[in-house]
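Peer 1: my_file_16.cif is reproduced below (mmCIF, C-alpha atoms).
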```
data_upload
#
loop_
_atom_site.label_atom_id
_atom_site.label_comp_id
_atom_site.auth_asym_id
_atom_site.auth_seq_id
_atom_site.Cartn_x
_atom_site.Cartn_y
_atom_site.Cartn_z
CA MET A 153 -27.44 -74.70 -21.74
CA ALA A 154 -26.28 -77.46 -19.42
CA ASP A 155 -26.18 -76.66 -15.72
CA LEU A 156 -22.67 -77.29 -14.38
CA THR A 157 -23.61 -76.47 -10.80
CA THR A 158 -22.54 -79.26 -8.46
CA ASP A 159 -23.71 -80.22 -5.00
CA PHE A 160 -20.95 -82.26 -3.40
CA LEU A 161 -21.74 -83.18 0.21
CA GLY A 162 -24.11 -80.23 0.31
CA ILE A 163 -21.29 -77.94 -0.81
CA LYS A 164 -22.45 -76.06 -3.88
CA SER A 165 -20.13 -74.69 -6.54
CA PRO A 166 -20.85 -73.21 -9.98
CA ASN A 167 -18.96 -76.01 -11.73
CA PRO A 168 -17.24 -79.29 -10.79
CA PHE A 169 -13.71 -77.97 -11.32
CA TRP A 170 -11.81 -77.45 -8.08
CA LEU A 171 -8.14 -76.65 -7.62
CA ALA A 172 -6.38 -79.35 -5.61
CA SER A 173 -4.36 -78.69 -2.49
CA ALA A 174 -0.99 -77.69 -3.94
CA PRO A 175 1.21 -74.64 -4.68
CA PRO A 176 -1.59 -72.91 -6.69
CA THR A 177 -3.75 -72.69 -3.54
CA ASP A 178 -1.10 -71.59 -1.05
CA LYS A 179 -2.28 -68.04 -0.42
CA GLU A 180 -5.13 -65.56 -0.71
CA TYR A 181 -3.67 -63.89 -3.81
CA ASN A 182 -3.64 -67.13 -5.79
CA VAL A 183 -7.09 -68.25 -4.69
CA ARG A 184 -8.72 -64.93 -5.55
CA ARG A 185 -7.17 -65.07 -9.02
CA ALA A 186 -8.43 -68.64 -9.39
CA PHE A 187 -11.99 -67.70 -8.47
CA GLU A 188 -11.93 -64.73 -10.82
CA ALA A 189 -10.77 -67.08 -13.61
CA GLY A 190 -13.81 -69.28 -13.01
CA TRP A 191 -12.79 -72.19 -10.75
CA GLY A 192 -15.71 -73.65 -8.85
CA GLY A 193 -13.74 -74.36 -5.70
CA VAL A 194 -10.32 -74.76 -4.14
CA VAL A 195 -8.73 -77.00 -1.58
CA TRP A 196 -6.36 -74.71 0.32
CA LYS A 197 -2.79 -75.95 0.45
CA THR A 198 -2.28 -78.31 3.39
CA LEU A 199 -2.15 -76.64 6.80
CA GLY A 200 0.06 -77.88 9.61
CA GLU A 201 0.21 -77.29 13.35
CA ALA A 202 0.68 -73.90 14.95
CA GLY A 203 4.25 -73.18 15.97
CA PRO A 204 7.48 -73.15 13.98
CA PRO A 205 6.54 -73.32 10.29
CA VAL A 206 7.59 -76.09 7.95
CA VAL A 207 10.80 -75.25 6.09
CA ASN A 208 10.91 -76.06 2.37
CA VAL A 209 14.05 -76.37 0.26
CA ASN A 210 15.36 -73.24 -1.42
CA GLY A 211 16.52 -75.03 -4.54
CA PRO A 212 14.63 -76.74 -7.36
CA ARG A 213 11.42 -78.44 -6.23
CA TYR A 214 10.23 -80.11 -9.44
CA GLY A 215 11.39 -82.85 -11.75
CA ALA A 216 9.59 -83.33 -15.07
CA ILE A 217 8.79 -85.88 -17.77
CA TRP A 218 8.13 -84.48 -21.25
CA GLY A 219 6.74 -85.92 -24.45
CA ALA A 220 8.59 -85.68 -27.75
CA ASP A 221 7.03 -82.26 -28.38
CA ARG A 222 8.14 -80.97 -24.97
CA ARG A 223 4.60 -81.29 -23.68
CA LEU A 224 4.64 -81.78 -19.93
CA LEU A 225 3.46 -85.29 -19.11
CA GLY A 226 4.32 -85.44 -15.44
CA LEU A 227 5.77 -83.47 -12.55
CA ASN A 228 7.66 -84.83 -9.57
CA ASN A 229 7.66 -82.43 -6.61
CA ILE A 230 9.58 -82.46 -3.34
CA GLU A 231 7.71 -79.51 -1.85
CA LEU A 232 6.20 -79.99 1.60
CA ILE A 233 2.95 -78.63 3.04
CA THR A 234 2.52 -74.87 3.47
CA ASP A 235 5.50 -73.08 4.95
CA ARG A 236 3.34 -70.09 5.83
CA ASP A 237 2.09 -69.35 9.36
CA LEU A 238 -1.07 -71.25 10.29
CA TYR A 239 -2.90 -68.19 11.59
CA ARG A 240 -2.10 -66.17 8.50
CA ASN A 241 -3.53 -68.94 6.34
CA LEU A 242 -6.67 -69.10 8.49
CA GLU A 243 -7.15 -65.33 8.31
CA GLU A 244 -6.82 -65.36 4.51
CA MET A 245 -9.24 -68.28 4.19
CA THR A 246 -11.80 -66.35 6.23
CA LEU A 247 -11.52 -63.30 3.98
CA VAL A 248 -11.73 -65.31 0.75
CA LYS A 249 -14.75 -67.31 1.85
CA LYS A 250 -16.54 -64.14 2.89
CA ASP A 251 -15.94 -62.55 -0.52
CA TYR A 252 -16.77 -65.67 -2.56
CA PRO A 253 -19.66 -67.38 -0.72
CA ASP A 254 -20.78 -69.21 -3.87
CA ARG A 255 -17.43 -71.00 -4.31
CA ALA A 256 -16.31 -74.11 -2.47
CA LEU A 257 -13.42 -73.65 -0.07
CA ILE A 258 -11.96 -76.74 1.59
CA ALA A 259 -9.12 -76.76 4.12
CA SER A 260 -6.54 -79.50 3.67
CA ILE A 261 -5.00 -80.53 6.98
CA MET A 262 -2.00 -82.64 8.04
CA VAL A 263 -0.95 -82.83 11.68
CA PRO A 264 0.62 -85.63 13.76
CA CYS A 265 -1.41 -88.77 14.33
CA GLU A 266 -2.40 -87.69 17.83
CA GLU A 267 -5.91 -86.83 18.97
CA ALA A 268 -4.77 -83.65 20.73
CA SER A 269 -3.27 -82.24 17.53
CA TRP A 270 -6.48 -82.71 15.56
CA LYS A 271 -8.63 -81.48 18.44
CA ALA A 272 -6.57 -78.28 18.54
CA ILE A 273 -6.64 -77.35 14.85
CA LEU A 274 -10.19 -78.30 13.87
CA PRO A 275 -12.03 -75.53 15.77
CA LEU A 276 -9.64 -72.97 14.28
CA VAL A 277 -10.46 -74.18 10.77
CA GLU A 278 -14.18 -74.22 11.50
CA GLU A 279 -14.07 -70.53 12.48
CA THR A 280 -12.91 -69.60 8.96
CA GLY A 281 -16.24 -70.57 7.46
CA ALA A 282 -14.58 -73.09 5.15
CA ASP A 283 -17.07 -75.55 3.68
CA GLY A 284 -15.22 -78.65 4.82
CA ILE A 285 -11.86 -80.27 5.41
CA GLU A 286 -9.71 -82.69 3.48
CA LEU A 287 -7.41 -84.98 5.48
CA ASN A 288 -4.09 -85.26 3.67
CA PHE A 289 -3.24 -88.94 4.05
CA GLY A 290 -1.45 -89.08 0.71
CA CYS A 291 1.73 -87.00 0.55
CA PRO A 292 4.55 -89.53 -0.07
CA HIS A 293 7.61 -87.41 0.68
CA GLY A 294 9.04 -85.35 3.51
CA MET A 295 6.01 -85.42 5.77
CA SER A 296 5.63 -89.20 5.48
CA GLU A 297 9.06 -89.60 7.06
CA ARG A 298 7.62 -87.68 10.02
CA GLY A 299 4.75 -90.12 10.47
CA MET A 300 2.18 -88.12 8.50
CA GLY A 301 0.84 -88.08 4.93
CA SER A 302 1.08 -91.48 3.24
CA ALA A 303 2.51 -92.98 6.43
CA VAL A 304 -1.05 -92.68 7.77
CA GLY A 305 -2.75 -93.40 4.45
CA GLN A 306 -1.05 -96.78 4.16
CA VAL A 307 -2.52 -97.99 7.48
CA PRO A 308 -6.31 -98.41 7.34
CA GLU A 309 -6.60 -98.49 11.12
CA TYR A 310 -4.98 -95.05 11.37
CA ILE A 311 -7.27 -93.69 8.67
CA GLN A 312 -10.35 -94.83 10.54
CA MET A 313 -9.06 -93.55 13.86
CA VAL A 314 -8.17 -90.04 12.66
CA THR A 315 -11.39 -89.77 10.66
CA GLU A 316 -13.36 -90.59 13.79
CA TRP A 317 -11.53 -87.82 15.67
CA CYS A 318 -12.36 -85.35 12.94
CA LYS A 319 -16.02 -86.29 12.93
CA MET A 320 -16.00 -85.83 16.70
CA TYR A 321 -14.42 -82.36 16.73
CA TYR A 322 -15.61 -80.89 13.43
CA SER A 323 -19.21 -80.37 12.30
CA LYS A 324 -18.80 -79.96 8.52
CA PRO A 325 -17.99 -82.49 5.78
CA VAL A 326 -14.81 -84.53 6.15
CA ILE A 327 -13.07 -85.68 2.97
CA VAL A 328 -10.25 -88.24 3.23
CA LYS A 329 -7.52 -87.89 0.61
CA LEU A 330 -6.08 -91.30 -0.24
CA THR A 331 -2.58 -92.29 -1.27
CA PRO A 332 -2.04 -94.39 -4.42
CA ASN A 333 1.12 -95.83 -2.85
CA ILE A 334 -0.71 -98.92 -1.69
CA THR A 335 -1.60 -102.33 -3.11
CA ASP A 336 -5.39 -102.28 -2.73
CA ILE A 337 -7.07 -98.86 -2.70
CA ARG A 338 -10.34 -100.39 -1.49
CA LYS A 339 -8.97 -101.02 2.01
CA PRO A 340 -8.15 -97.40 2.94
CA ALA A 341 -11.39 -96.25 1.31
CA THR A 342 -13.35 -98.73 3.40
CA ALA A 343 -11.52 -97.56 6.52
CA ALA A 344 -12.42 -93.96 5.74
CA LYS A 345 -16.07 -94.90 5.38
CA LEU A 346 -16.02 -96.88 8.64
CA GLY A 347 -14.55 -93.82 10.34
CA GLY A 348 -17.49 -91.74 9.18
CA ALA A 349 -15.87 -89.90 6.26
CA ASP A 350 -18.33 -88.00 4.13
CA ALA A 351 -16.23 -88.57 1.00
CA VAL A 352 -12.83 -89.61 -0.28
CA SER A 353 -10.58 -87.84 -2.76
CA LEU A 354 -7.93 -89.54 -4.89
CA ILE A 355 -5.32 -89.95 -6.04
CA ASN A 356 -2.61 -88.08 -4.24
CA THR A 357 0.84 -88.14 -5.83
CA ILE A 358 2.78 -91.29 -6.66
CA ASN A 359 6.14 -91.87 -5.00
CA SER A 360 8.78 -91.39 -7.68
CA ILE A 361 12.15 -90.29 -9.01
CA THR A 362 11.84 -88.83 -12.50
CA HIS A 363 15.49 -88.54 -13.54
CA VAL A 364 19.05 -89.08 -12.38
CA ASP A 365 21.73 -86.54 -13.30
CA LEU A 366 24.48 -88.73 -14.76
CA ASP A 367 27.14 -86.09 -14.13
CA LEU A 368 26.25 -85.38 -10.53
CA MET A 369 25.09 -88.97 -9.96
CA ALA A 370 22.08 -87.69 -8.03
CA PRO A 371 18.32 -87.69 -8.51
CA GLU A 372 16.66 -84.60 -9.96
CA PRO A 373 15.69 -82.09 -8.70
CA THR A 374 19.13 -81.89 -7.10
CA ILE A 375 19.82 -79.94 -3.92
CA ASP A 376 23.53 -79.40 -3.26
CA GLY A 377 24.50 -82.70 -4.87
CA LYS A 378 21.71 -84.86 -3.45
CA GLY A 379 18.12 -85.61 -4.36
CA SER A 380 15.07 -87.28 -2.85
CA HIS A 381 12.00 -89.19 -3.91
CA GLY A 382 8.98 -87.01 -4.50
CA GLY A 383 5.33 -87.05 -5.54
CA TYR A 384 4.47 -87.65 -9.21
CA CYS A 385 1.41 -86.03 -10.80
CA GLY A 386 0.13 -84.81 -14.15
CA PRO A 387 -1.37 -86.43 -17.28
CA ALA A 388 0.82 -89.52 -16.89
CA VAL A 389 -0.92 -90.60 -13.67
CA LYS A 390 -4.48 -90.36 -15.01
CA PRO A 391 -4.80 -94.08 -15.94
CA ILE A 392 -3.79 -95.10 -12.41
CA ALA A 393 -6.22 -92.62 -10.90
CA LEU A 394 -9.14 -93.76 -13.07
CA SER A 395 -8.55 -97.39 -12.11
CA MET A 396 -8.45 -96.63 -8.39
CA VAL A 397 -11.54 -94.44 -8.58
CA SER A 398 -13.44 -97.20 -10.38
CA GLU A 399 -12.43 -99.79 -7.78
CA ILE A 400 -13.91 -97.69 -5.00
CA ALA A 401 -17.04 -96.86 -6.98
CA ARG A 402 -17.85 -100.50 -7.74
CA ASN A 403 -16.75 -102.04 -4.44
CA PRO A 404 -19.83 -103.12 -2.43
CA GLU A 405 -18.24 -101.92 0.82
CA THR A 406 -17.70 -98.39 -0.50
CA HIS A 407 -20.49 -98.17 -3.06
CA GLY A 408 -22.23 -94.83 -2.75
CA LEU A 409 -19.31 -93.14 -0.99
CA PRO A 410 -18.89 -89.74 -2.70
CA ILE A 411 -15.59 -89.34 -4.57
CA SER A 412 -13.62 -86.27 -5.61
CA GLY A 413 -11.42 -87.30 -8.53
CA ILE A 414 -7.78 -86.22 -8.80
CA GLY A 415 -4.95 -87.20 -11.13
CA GLY A 416 -4.00 -85.72 -14.48
CA VAL A 417 -7.20 -83.83 -15.26
CA THR A 418 -6.16 -81.50 -18.09
CA THR A 419 -9.24 -81.23 -20.31
CA TRP A 420 -13.01 -81.38 -19.98
CA ARG A 421 -12.86 -84.91 -21.39
CA ASP A 422 -10.56 -86.03 -18.58
CA ALA A 423 -13.01 -84.59 -16.09
CA ALA A 424 -15.96 -86.33 -17.74
CA GLU A 425 -14.13 -89.67 -17.60
CA PHE A 426 -13.56 -89.31 -13.85
CA MET A 427 -17.16 -88.31 -13.32
CA VAL A 428 -18.74 -91.17 -15.26
CA LEU A 429 -16.62 -93.48 -13.11
CA GLY A 430 -18.28 -92.10 -9.99
CA CYS A 431 -16.69 -88.74 -9.12
CA GLY A 432 -19.00 -85.92 -8.08
CA ASN A 433 -16.32 -83.39 -9.00
CA VAL A 434 -12.65 -83.22 -9.96
CA GLN A 435 -9.58 -81.51 -8.56
CA VAL A 436 -6.88 -80.06 -10.81
CA CYS A 437 -3.28 -79.05 -10.16
CA THR A 438 -0.70 -79.74 -12.88
CA ALA A 439 -2.85 -78.34 -15.70
CA ALA A 440 -3.17 -75.04 -13.86
CA MET A 441 0.56 -75.00 -13.14
CA THR A 442 1.26 -75.66 -16.82
CA TYR A 443 -1.26 -73.36 -18.53
CA GLY A 444 -2.40 -70.91 -15.85
CA PHE A 445 -5.74 -70.50 -14.08
CA LYS A 446 -7.69 -69.62 -17.23
CA VAL A 447 -7.41 -73.21 -18.47
CA VAL A 448 -10.61 -73.80 -16.48
CA GLN A 449 -12.56 -71.77 -19.02
CA GLU A 450 -11.85 -74.34 -21.72
CA MET A 451 -12.87 -77.09 -19.32
CA ILE A 452 -16.14 -75.35 -18.54
CA SER A 453 -17.06 -74.65 -22.17
CA GLY A 454 -16.02 -78.11 -23.33
CA LEU A 455 -17.98 -79.96 -20.65
CA SER A 456 -21.01 -77.75 -21.19
CA GLN A 457 -20.99 -78.39 -24.94
CA TRP A 458 -20.61 -82.15 -24.46
CA MET A 459 -23.47 -82.21 -21.98
CA ASP A 460 -25.70 -80.32 -24.42
CA GLU A 461 -24.82 -82.74 -27.22
CA LYS A 462 -25.58 -85.75 -25.02
CA GLY A 463 -28.73 -84.28 -23.54
CA TYR A 464 -27.47 -84.10 -19.95
CA ALA A 465 -29.15 -81.26 -18.08
CA SER A 466 -26.92 -81.47 -15.01
CA THR A 467 -23.72 -83.21 -13.96
CA SER A 468 -25.68 -85.58 -11.73
CA ASP A 469 -27.19 -87.06 -14.89
CA PHE A 470 -23.94 -88.79 -15.85
CA VAL A 471 -21.97 -89.20 -12.61
CA GLY A 472 -21.30 -92.93 -12.19
CA LYS A 473 -22.87 -93.87 -15.52
CA ALA A 474 -19.88 -96.00 -16.59
CA VAL A 475 -19.44 -97.86 -13.30
CA PRO A 476 -21.73 -100.81 -14.21
CA ASN A 477 -19.54 -101.46 -17.25
CA VAL A 478 -16.34 -101.87 -15.22
CA THR A 479 -15.93 -105.58 -14.55
CA ASP A 480 -13.37 -108.30 -13.85
CA TRP A 481 -11.61 -110.07 -16.71
CA GLN A 482 -13.51 -113.34 -16.34
CA HIS A 483 -16.76 -111.55 -17.15
CA LEU A 484 -15.59 -110.25 -20.53
CA ASN A 485 -17.41 -111.66 -23.55
CA LEU A 486 -15.35 -114.11 -25.62
CA ASN A 487 -18.11 -114.09 -28.23
CA TYR A 488 -17.10 -110.55 -29.18
CA VAL A 489 -14.57 -110.87 -32.05
CA THR A 490 -12.93 -108.04 -33.99
CA LYS A 491 -10.26 -107.71 -36.68
CA ALA A 492 -8.07 -104.78 -37.67
CA ARG A 493 -8.74 -102.95 -40.93
CA ILE A 494 -6.34 -100.54 -42.66
CA SER A 495 -7.70 -97.67 -44.77
CA GLN A 496 -5.50 -97.52 -47.85
CA ASP A 497 -6.74 -94.00 -48.56
CA ASP A 498 -5.41 -92.76 -45.22
CA CYS A 499 -2.26 -94.90 -44.97
CA ILE A 500 1.00 -92.91 -45.28
CA LYS A 501 3.06 -96.11 -45.71
CA CYS A 502 5.25 -95.45 -42.69
CA GLY A 503 5.30 -99.13 -41.77
CA ARG A 504 4.90 -98.71 -38.03
CA CYS A 505 2.01 -101.13 -37.87
CA TYR A 506 3.97 -103.76 -39.79
CA ALA A 507 7.11 -103.39 -37.67
CA ALA A 508 5.17 -103.54 -34.41
CA CYS A 509 3.10 -106.56 -35.41
CA GLU A 510 5.94 -108.45 -37.12
CA ASP A 511 8.51 -107.96 -34.36
CA THR A 512 6.45 -107.87 -31.18
CA SER A 513 3.00 -109.27 -31.84
CA HIS A 514 1.36 -111.87 -34.11
CA GLN A 515 2.76 -111.36 -37.63
CA ALA A 516 -0.71 -110.47 -38.85
CA ILE A 517 0.15 -107.62 -41.24
CA SER A 518 1.64 -108.18 -44.68
CA MET A 519 3.78 -105.71 -46.62
CA SER A 520 3.93 -105.76 -50.42
CA ALA A 521 6.89 -104.68 -52.55
CA ASP A 522 5.30 -101.25 -53.03
CA ARG A 523 4.59 -100.93 -49.28
CA VAL A 524 0.92 -101.71 -49.18
CA PHE A 525 0.00 -103.01 -45.73
CA GLU A 526 -2.91 -105.38 -45.19
CA VAL A 527 -4.22 -107.38 -42.26
CA MET A 528 -4.24 -111.19 -42.44
CA ASP A 529 -7.36 -112.24 -40.58
CA ASP A 530 -6.15 -115.77 -39.99
CA GLU A 531 -3.34 -114.40 -37.79
CA CYS A 532 -4.96 -111.29 -36.30
CA VAL A 533 -5.86 -111.70 -32.62
CA ALA A 534 -7.45 -108.22 -32.47
CA CYS A 535 -4.93 -106.91 -29.96
CA ASN A 536 -5.16 -103.42 -31.60
CA LEU A 537 -1.45 -102.67 -31.15
CA CYS A 538 -1.43 -101.49 -34.76
CA VAL A 539 -4.17 -98.98 -33.99
CA ASN A 540 -2.16 -97.55 -31.11
CA VAL A 541 1.15 -97.18 -32.96
CA CYS A 542 -0.32 -95.77 -36.18
CA PRO A 543 0.40 -92.00 -36.41
CA VAL A 544 -2.75 -91.34 -38.50
CA GLU A 545 -5.93 -91.19 -36.47
CA ASP A 546 -8.63 -93.64 -37.67
CA CYS A 547 -6.39 -95.04 -40.42
CA ILE A 548 -6.56 -98.42 -38.67
CA THR A 549 -9.80 -99.42 -37.00
CA MET A 550 -11.20 -102.52 -35.32
CA VAL A 551 -14.26 -104.03 -37.02
CA GLN A 552 -16.56 -106.48 -35.24
CA LEU A 553 -17.28 -109.78 -36.97
CA PRO A 554 -21.01 -110.62 -37.02
CA LYS A 555 -22.30 -113.60 -35.07
CA GLY A 556 -22.06 -116.81 -37.08
CA THR A 557 -18.99 -115.71 -39.05
CA VAL A 558 -16.15 -118.21 -38.91
CA ASP A 559 -13.08 -116.71 -37.27
CA PRO A 560 -10.26 -117.82 -39.63
CA ARG A 561 -7.78 -117.82 -36.79
CA THR A 562 -9.65 -120.27 -34.55
CA GLY A 563 -12.00 -121.99 -37.00
CA ARG A 564 -14.88 -121.30 -34.60
CA GLU A 565 -18.04 -119.46 -35.43
CA VAL A 566 -18.33 -116.10 -33.71
CA GLY A 567 -20.70 -116.65 -30.79
CA ASP A 568 -19.58 -120.25 -30.27
CA TYR A 569 -18.60 -119.69 -26.63
CA ALA A 570 -22.17 -120.07 -25.47
CA ASN A 571 -21.10 -121.72 -22.22
CA TRP A 572 -18.32 -119.29 -21.36
CA THR A 573 -19.57 -119.04 -17.78
CA THR A 574 -18.53 -122.69 -17.28
CA HIS A 575 -15.63 -122.78 -19.75
CA PRO A 576 -12.36 -124.22 -18.28
CA ASN A 577 -10.44 -121.19 -19.58
CA ASN A 578 -12.61 -118.88 -17.50
CA PRO A 579 -10.80 -118.13 -14.20
CA GLY A 580 -14.08 -117.26 -12.52
CA ALA A 581 -15.69 -120.54 -13.55
CA VAL A 582 -12.66 -122.55 -12.43
CA LYS A 583 -12.63 -120.78 -9.07
CA ALA A 584 -16.37 -121.39 -8.62
CA ALA A 585 -15.89 -125.08 -9.45
CA GLU A 586 -13.16 -125.41 -6.86
#
```
Would you write the structure of this file as structure tokens?
Peer 2:
Amino acid sequence: MADLTTDFLGIKSPNPFWLASAPPTDKEYNVRRAFEAGWGGVVWKTLGEAGPPVVNVNGPRYGAIWGADRRLLGLNNIELITDRDLYRNLEEMTLVKKDYPDRALIASIMVPCEEASWKAILPLVEETGADGIELNFGCPHGMSERGMGSAVGQVPEYIQMVTEWCKMYYSKPVIVKLTPNITDIRKPATAAKLGGADAVSLINTINSITHVDLDLMAPEPTIDGKGSHGGYCGPAVKPIALSMVSEIARNPETHGLPISGIGGVTTWRDAAEFMVLGCGNVQVCTAAMTYGFKVVQEMISGLSQWMDEKGYASTSDFVGKAVPNVTDWQHLNLNYVTKARISQDDCIKCGRCYAACEDTSHQAISMSADRVFEVMDDECVACNLCVNVCPVEDCITMVQLPKGTVDPRTGREVGDYANWTTHPNNPGAVKAAE
């Protein structure tokens, strides 16, 4: 059996599945249930300063996006950091860590961007025995208007400064949680590394409004006739998260910086995709909120089975394995030519491929009088739109043309772009020439 034990920054957990800082990790009761269900670690919901607690709204806190089958694709939340007393949270963290020493317990923290505030809270967190801290520089709503959360995460200089304070006043691993609400994720990641961060975690939620109530004329969720922007998470954000993770993993300035992957992880396959792009573990929220804590058991069994099939003895065997294959467009191989093929045995004659190609693509699919659909190679540019709109899995596939075959669309032999590195259509070559 594959060994799912992970060692992230020296923090060991029985599997790479951690619960992210969010409503599911807001109190001792939840966290104990999570550990009993099998989660390898948790990041406790974000702690704030001592004193008057944060006040959350008492109305709806979530907006949602559903698929056609009512499957939850994304959640927008307007909930703030914990509204529970700091000292009560710290006491509960101490008890949980004592009872579950083999599980990872990380404290998420968000306090004002002042050295005194961080200096005051860090020793209190260290006394709990928590394995490390995560600096919440990502929350895009409520707290950001108060100069915290993404308001810090969007300024690399602030990230570096606060990280340096934390490394000064705290002895255990410091993880910096990054906001996706920024143009170039590499800059805040680099700032975190320069500040001495032991790792980064990403992505936090995306600033969003999911719906507008056309009767109330207000965003949803609606509180007494008004709404606000919130943080978007769930399966819909996974592609954005994977891209940002890969940029950090392959950037020379942040190469080797440990990453905890967050953003739409719902299945073991999602987790594996984050990990092969450089993540040492993954954090989950929306899946647990949708299906309950026991969803982790499917993730564990699925990842274990996949690892056995692939011959991976431990998670470290495949972490980062896909990073070398992430490249810039100008390095893609123009000698690689494919064409679409339609299996007539599997085709249900719905015509989606024809409609999509005829109306919005390259008019490369013909339709006979008795609704037989076939690909015309001399028009097919291999965009694979037909594959993606076809409702029957593997009915339409992309087949590679062998080297030397004449591409009927271009009249060139496949493999004819021998000098692609200096070709005038290659942006990289043009830039180099300039």
Peer 1: Check the smallest atom-to-atom distance from each of A:Ser360, A:Ser495, A:Ser353, A:Thr234 to Gly432 in chain A using only C-alpha atoms, then report the winner.
Peer 2: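 That would be A:Ser353, the residue with the smallest distance to Gly432 in chain A.
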Peer 1: Between CA of Arg223 in chain A and CA of Met441 in chain A, measure the distance and give it in Å to one decimal.
Peer 2: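 Taking CA of Arg223 in chain A and CA of Met441 in chain A, their separation equals 12.9 Å.
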Peer 1: Which residues would end up in the selection if the PyMOL selection byres ((chain A and resi 202-207) around 7) were applied here, given that I need the answer as an MDAnalysis selection string?
Peer 2: chainID A and resid 200:201 208:209 234:238
Peer 1: Using the chain letters and residue numbers of this document, give as a list of chain:residue names the residues selected by the PyMOL selection byres ((chain A and resi 331) around 7).
Peer 2: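 Applied to this file, the PyMOL selection byres ((chain A and resi 331) around 7) selects A:Phe289, A:Gly290, A:Ser302, A:Gly305, A:Lys329, A:Leu330, A:Pro332, A:Asn333, A:Ile334, A:Ile355, A:Asn356.
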Peer 1: In Å to one decimal, how far is CA of Thr406 in chain A from CA of Ser165 in chain A?
Peer 2: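 Computing it gives 24.6 Å between the two atoms.
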Peer 1: Would you translate the PyMOL selection byres ((chain A and resi 442) around 10) into the concrete set of residues it matches in this file, as a list in words?
Peer 2: Arg223, Leu224, Leu227, Gly386, Thr418, Cys437, Thr438, Ala439, Ala440, Met441, Tyr443, Gly444, Phe445 and Val447 of chain A
Peer 1: At what distance in Å, to one decimal, does CA of Glu309 in chain A lie from CA of Glu399 in chain A?
Peer 2: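 Distance reported for this atom pair: 19.8 Å.
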Peer 1: I need the residue nearest Val263 in chain A from this list: A:Glu180, A:Phe169, A:Asn210, A:Cys318. Use all atoms listed in the file for the distance.
Peer 2: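 That would be A:Cys318, the residue with the smallest distance to Val263 in chain A.
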Peer 1: Please provide as a list of chain:residue names all residues within 6 Å of Cys431 in chain A, with the sequence filter that same-chain residues fewer than 5 positions apart are discarded (counting only C-alpha atoms).
Peer 2: A:Ile411, A:Ser412, A:Gly413, A:Phe426
Peer 1: As a ChimeraX atom specification, please: the residues near Glu372 in chain A (cut-off 7 Å, all atoms listed in the file, same-chain neighbours under 3 positions excluded).
Peer 2: /A:215,362-365,379
Peer 1: Excluding same-chain residues fewer than 5 positions from Val475 in chain A, what lies within 12 Å of it counting only C-alpha atoms, as a list in words?
Peer 2: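 Result of the neighbour search: Leu394, Ser395, Val397, Ser398, Glu399, Ile400, Ala401, Arg402, Asn403, His407, Gly408, Glu425, Phe426, Met427, Val428, Leu429, Gly430, Cys431 and Phe470 of chain A.
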Peer 1: Set the distance at 8 Å and use all atoms listed in the file: which residues neighbour Ala508 in chain A once local chain neighbours fewer than 4 positions away are removed? I'd like the list as a count of residues only.
Peer 2: 6
Peer 1: Tell me which residues come within 12 Å of (4.4, -107.1, -35.3), as a PyMOL selection string, counting only C-alpha atoms in the file's coordinates.
Peer 2: chain A and resi 503-519+527-528+531-533+535-539+541
Peer 1: What are the centre and edge lengths in Å, to one decimal, of the axis-aligned box around all listed atoms of range 386-403 of chain A with 6 Å added on each side, as JSON?
Peer 2:
```
{"center_x": -8.5, "center_y": -93.4, "center_z": -10.9, "size_x": 30.7, "size_y": 29.2, "size_z": 24.8}
```
Peer 1: So that I can see what lies close to Lys345 in chain A, please list as a list of chain:residue names the residues with an atom at most 8 Å from it, counting all atoms listed in the file and leaving out residues fewer than 3 positions away in the same chain.
Peer 2: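 My list of contacting residues is A:Gln312, A:Ala341, A:Thr342, A:Gly348, A:Ala349, A:Asp350, A:Ala351, A:Thr406, A:Leu409.
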Peer 1: Please determine, counting only C-alpha atoms, which residue among A:Asp221, A:Cys547, A:Ala465, A:Ile285 has the shortest atom-to-atom distance to Cys502 in chain A.
Peer 2: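 Answer, going by the shortest atom-to-atom distance: A:Cys547.
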Peer 1: A:Ser269, A:Glu316, A:Ala423, A:Val448: which is nearest Gly190 in chain A, counting only C-alpha atoms?
Peer 2: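 Counting only C-alpha atoms, the residue closest to Gly190 in chain A is A:Val448.
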